[in-house]
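Heads up: the structure comes next, in structure tokens.
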Amino acid sequence: MTTQDKPQLILLGGGGHCAACIDVIEQENRYDIAGIVDVGNAAVCGYPVLGNDEALVRLRAGIGYALVTVGQIDSPAIRIRLYELAASLGFEQPTIVSPRAYVSKHARLGRGSIIMHNALINARAVVGDNCIINSGALIEHDAVIANHCHISTAAVINGGTTIQSGTFVGSNAIAIEQVKSAPNDFIRAGTVFKGTP
């Protein structure tokens, strides 16, 4: 613990998405970042790499929190593997919300999800576990974002729409009202997604 008594948090993955997550975590100011678990050895935004996945057992002895900070485009497989690994080791996986985001008090957010700057999550929307709701995304009322999804920058998920587990929604894509994606769907940037009713 630091002098401010904030819990320490380990970040799982050290790429570009990790850097964006660091900015949100620093702004939220609820956790101190202990370092990063990654296959590389270069520090990210000044935070050290503490080892690869095998270091997690040792790190768990002194640190209780972990967050998956690998991005997701082609497949959610790496994010799911890291999320499940952290859970199996007993890490708590907090929900991180940028102070520049808006989340309705009537919405629900799952474990290990991150809500980035300027995202908006409206009333009765549900975001599952281990999701990325990226900068400027809009999740409208009664929409459901299942586990392990990435809703990219400035994407719009309209009211009552369900985005099923493992789905990637590209930047500036628009999902119309009251439709459903397939599991592990890939919705291209800039498209209008009409799904299935």
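The chains in the structure tokens are called A, B, ... from first to last as shown; in each chain the residues are counted from 1, and the ligands are counted from 1 in the order shown.
Shell of A:Asn184 at 10 Å, with only C-alpha atoms counted and residues fewer than 5 places along the chain excluded, is Asp74, Ser75, Pro76, Ala77, His148, Cys149, Ile163, Gln164, Ser165, Gly166, Thr167 and Phe168 of chain A.
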Mind writing the picked residues with C-alpha atoms as an mmCIF file, in the first residue's frame?
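Saved to out-v2.cif:
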data_model
loop_
_atom_site.group_PDB
_atom_site.id
_atom_site.type_symbol
_atom_site.label_atom_id
_atom_site.label_comp_id
_atom_site.auth_asym_id
_atom_site.auth_seq_id
_atom_site.Cartn_x
_atom_site.Cartn_y
_atom_site.Cartn_z
ATOM 1 C CA ASP A 74 -9.480 -9.871 -34.294
ATOM 2 C CA SER A 75 -10.306 -12.148 -31.374
ATOM 3 C CA PRO A 76 -11.171 -11.938 -27.665
ATOM 4 C CA ALA A 77 -9.145 -15.100 -26.934
ATOM 5 C CA HIS A 148 -15.496 -9.987 -23.324
ATOM 6 C CA CYS A 149 -16.651 -7.378 -25.858
ATOM 7 C CA ILE A 163 -24.059 -7.406 -28.382
ATOM 8 C CA GLN A 164 -23.200 -11.020 -27.632
ATOM 9 C CA SER A 165 -20.069 -12.332 -25.924
ATOM 10 C CA GLY A 166 -16.688 -11.803 -27.555
ATOM 11 C CA THR A 167 -17.893 -9.298 -30.145
ATOM 12 C CA PHE A 168 -15.777 -6.477 -31.556
#
Which residues of stretch 36-125 of chain A come within 8 Å of stretch 3-14 of chain A, and what is each one's closest atom pair and distance in Å (one decimal), counting only C-alpha atoms, sorted by chain and residue number, as a Markdown table?
| residue | atom | partner | partner_atom | distance |
| --- | --- | --- | --- | --- |
| A:Ile36 | CA | A:Leu11 | CA | 4.7 |
| A:Val37 | CA | A:Leu12 | CA | 5.0 |
| A:Asp38 | CA | A:Gly13 | CA | 5.1 |
| A:Gly40 | CA | A:Gly14 | CA | 7.7 |
| A:Val44 | CA | A:Gly14 | CA | 6.5 |
| A:Val49 | CA | A:Gly14 | CA | 8.0 |
| A:Ile63 | CA | A:Gln8 | CA | 6.1 |
| A:Gly64 | CA | A:Gln8 | CA | 7.1 |
| A:Tyr65 | CA | A:Leu9 | CA | 4.8 |
| A:Ala66 | CA | A:Ile10 | CA | 4.6 |
| A:Leu67 | CA | A:Leu11 | CA | 5.1 |
| A:Val68 | CA | A:Leu12 | CA | 4.7 |
| A:Thr69 | CA | A:Gly13 | CA | 5.1 |
| A:Val70 | CA | A:Gly13 | CA | 4.8 |
| A:Leu82 | CA | A:Leu12 | CA | 7.1 |
Produce a file of the selected residues containing C-alpha atoms, as a PDB file, in the first residue's frame.
ATOM      1  CA  ILE A  36       2.711  -4.587 -15.863  1.00  0.00           C
ATOM      2  CA  VAL A  37       2.817  -8.274 -16.734  1.00  0.00           C
ATOM      3  CA  ASP A  38       3.920  -8.696 -20.332  1.00  0.00           C
ATOM      4  CA  GLY A  40       8.282  -7.627 -23.335  1.00  0.00           C
ATOM      5  CA  VAL A  44       4.893   1.643 -20.271  1.00  0.00           C
ATOM      6  CA  VAL A  49       7.291  -4.746 -16.443  1.00  0.00           C
ATOM      7  CA  ILE A  63      -1.091  -7.708  -4.657  1.00  0.00           C
ATOM      8  CA  GLY A  64      -4.819  -8.371  -4.776  1.00  0.00           C
ATOM      9  CA  TYR A  65      -5.998  -6.591  -7.917  1.00  0.00           C
ATOM     10  CA  ALA A  66      -5.401  -7.157 -11.631  1.00  0.00           C
ATOM     11  CA  LEU A  67      -6.860  -5.741 -14.829  1.00  0.00           C
ATOM     12  CA  VAL A  68      -6.612  -7.077 -18.386  1.00  0.00           C
ATOM     13  CA  THR A  69      -5.070  -4.294 -20.498  1.00  0.00           C
ATOM     14  CA  VAL A  70      -4.588  -6.154 -23.779  1.00  0.00           C
ATOM     15  CA  LEU A  82      -5.853 -13.518 -19.076  1.00  0.00           C
TER      16      LEU A  82
END
Per DSSP on the backbone, what are the alpha helix (DSSP H) residues of chain A, as a short mmCIF file (atom, residue, chain, number, x, y, z; two decimals) with C-alpha atoms, in the first residue's frame?
data_model
loop_
_atom_site.label_atom_id
_atom_site.label_comp_id
_atom_site.auth_asym_id
_atom_site.auth_seq_id
_atom_site.Cartn_x
_atom_site.Cartn_y
_atom_site.Cartn_z
CA GLY A 16 -1.02 0.61 -26.78
CA HIS A 17 -4.30 -0.20 -25.06
CA CYS A 18 -2.38 -0.53 -21.79
CA ALA A 19 -1.13 3.04 -22.16
CA ALA A 20 -4.70 4.29 -22.68
CA CYS A 21 -5.86 2.29 -19.64
CA ILE A 22 -3.07 3.78 -17.52
CA ASP A 23 -4.34 7.26 -18.29
CA VAL A 24 -7.87 6.33 -17.18
CA ILE A 25 -6.63 4.55 -14.02
CA GLU A 26 -4.49 7.55 -13.07
CA GLN A 27 -7.42 9.91 -13.61
CA GLU A 28 -9.81 7.75 -11.60
CA LEU A 56 1.52 -13.78 -11.47
CA VAL A 57 1.66 -16.48 -8.79
CA ARG A 58 4.51 -14.67 -7.04
CA LEU A 59 2.87 -11.28 -7.46
CA ARG A 60 -0.44 -12.50 -6.08
CA ALA A 77 -9.15 -15.10 -26.93
CA ILE A 78 -6.13 -13.45 -25.26
CA ARG A 79 -8.31 -11.20 -23.10
CA ILE A 80 -10.45 -14.16 -22.05
CA ARG A 81 -7.38 -16.26 -21.21
CA LEU A 82 -5.85 -13.52 -19.08
CA TYR A 83 -9.16 -12.75 -17.36
CA GLU A 84 -9.66 -16.41 -16.47
CA LEU A 85 -6.03 -16.79 -15.36
CA ALA A 86 -6.32 -13.81 -13.02
CA ALA A 87 -9.61 -15.14 -11.63
CA SER A 88 -8.11 -18.60 -11.05
#
Counting only C-alpha atoms, the option among A:Gly71, A:Pro48, A:Asn118, A:Asn29 closest to A:Ile96 =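 Checking each candidate against A:Ile96, we get A:Asn29 as the closest.
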If you run DSSP on this backbone, which residues of chain A come out as strand (DSSP E or B), and could you give them as a ChimeraX atom specification?
-> /A:8-12,32-37,44,47,49-51,65-68,92,96-97,102-103,108-109,114-115,120-121,126-127,132-133,138-139,144-145,150-151,156-157,162-163,168-169,174-175,180,186-187,192-193,196
Those same residues - C-alpha atoms - I'd like them written as a short mmCIF file (atom, residue, chain, number, x, y, z; two decimals), in the first residue's frame.
data_model
loop_
_atom_site.label_atom_id
_atom_site.label_comp_id
_atom_site.auth_asym_id
_atom_site.auth_seq_id
_atom_site.Cartn_x
_atom_site.Cartn_y
_atom_site.Cartn_z
CA GLN A 8 -2.09 -1.85 -5.81
CA LEU A 9 -3.15 -3.01 -9.26
CA ILE A 10 -1.28 -5.16 -11.80
CA LEU A 11 -1.94 -4.59 -15.50
CA LEU A 12 -2.00 -7.64 -17.78
CA ASP A 32 -1.79 2.56 -7.56
CA ILE A 33 -0.35 0.76 -10.56
CA ALA A 34 2.28 -1.69 -9.29
CA GLY A 35 3.47 -2.59 -12.76
CA ILE A 36 2.71 -4.59 -15.86
CA VAL A 37 2.82 -8.27 -16.73
CA VAL A 44 4.89 1.64 -20.27
CA TYR A 47 5.54 1.69 -15.06
CA VAL A 49 7.29 -4.75 -16.44
CA LEU A 50 7.24 -7.19 -13.51
CA GLY A 51 7.58 -10.37 -15.55
CA TYR A 65 -6.00 -6.59 -7.92
CA ALA A 66 -5.40 -7.16 -11.63
CA LEU A 67 -6.86 -5.74 -14.83
CA VAL A 68 -6.61 -7.08 -18.39
CA GLU A 92 -10.01 -9.17 -7.81
CA ILE A 96 -12.52 1.11 -13.96
CA VAL A 97 -14.53 4.20 -14.96
CA TYR A 102 -20.97 9.20 -17.75
CA VAL A 103 -22.53 6.03 -16.34
CA ARG A 108 -24.85 -2.16 -14.46
CA LEU A 109 -21.15 -2.77 -15.09
CA ILE A 114 -13.02 -0.39 -18.35
CA ILE A 115 -15.09 2.63 -19.36
CA LEU A 120 -21.71 7.35 -22.09
CA ILE A 121 -23.71 4.45 -20.66
CA VAL A 126 -25.78 -3.63 -18.96
CA VAL A 127 -22.06 -4.09 -19.62
CA ILE A 132 -13.70 -2.35 -23.20
CA ILE A 133 -16.07 0.57 -23.70
CA LEU A 138 -22.40 5.46 -26.56
CA ILE A 139 -24.32 2.56 -24.98
CA VAL A 144 -26.78 -5.30 -23.30
CA ILE A 145 -23.07 -5.74 -23.90
CA HIS A 150 -14.81 -4.35 -27.23
CA ILE A 151 -16.96 -1.38 -28.20
CA VAL A 156 -23.05 3.71 -30.95
CA ILE A 157 -25.10 0.83 -29.56
CA THR A 162 -27.73 -6.98 -27.52
CA ILE A 163 -24.06 -7.41 -28.38
CA PHE A 168 -15.78 -6.48 -31.56
CA VAL A 169 -17.58 -3.30 -32.67
CA ILE A 174 -23.75 2.15 -35.36
CA ALA A 175 -25.90 -0.74 -34.15
CA LYS A 180 -28.73 -8.76 -31.74
CA PHE A 186 -16.94 -8.62 -35.92
CA ILE A 187 -18.71 -5.37 -36.77
CA VAL A 192 -24.52 0.42 -39.79
CA PHE A 193 -25.18 -2.90 -38.08
CA THR A 196 -31.07 -9.95 -36.28
#
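Taking only C-alpha atoms into account, A:Gly136 lies nearest to A:His117 out of the set A:Arg124, A:Arg100, A:His117, A:Lys105.
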Could you please determine the separation between atom CA of A:Ala107 and atom CA of A:Ile176 in Å, to one decimal place?
-> 19.5 Å
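Across the structure, atom CA of A:Gly112 and atom CA of A:Thr191 are spaced 27.7 Å apart.
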Just give me the gap between atom CA of A:Gly160 and atom CA of A:Ala146 in Å, one decimal is fine.
->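 Taking atom CA of A:Gly160 as the start and atom CA of A:Ala146 as the end point, the length is 12.9 Å.
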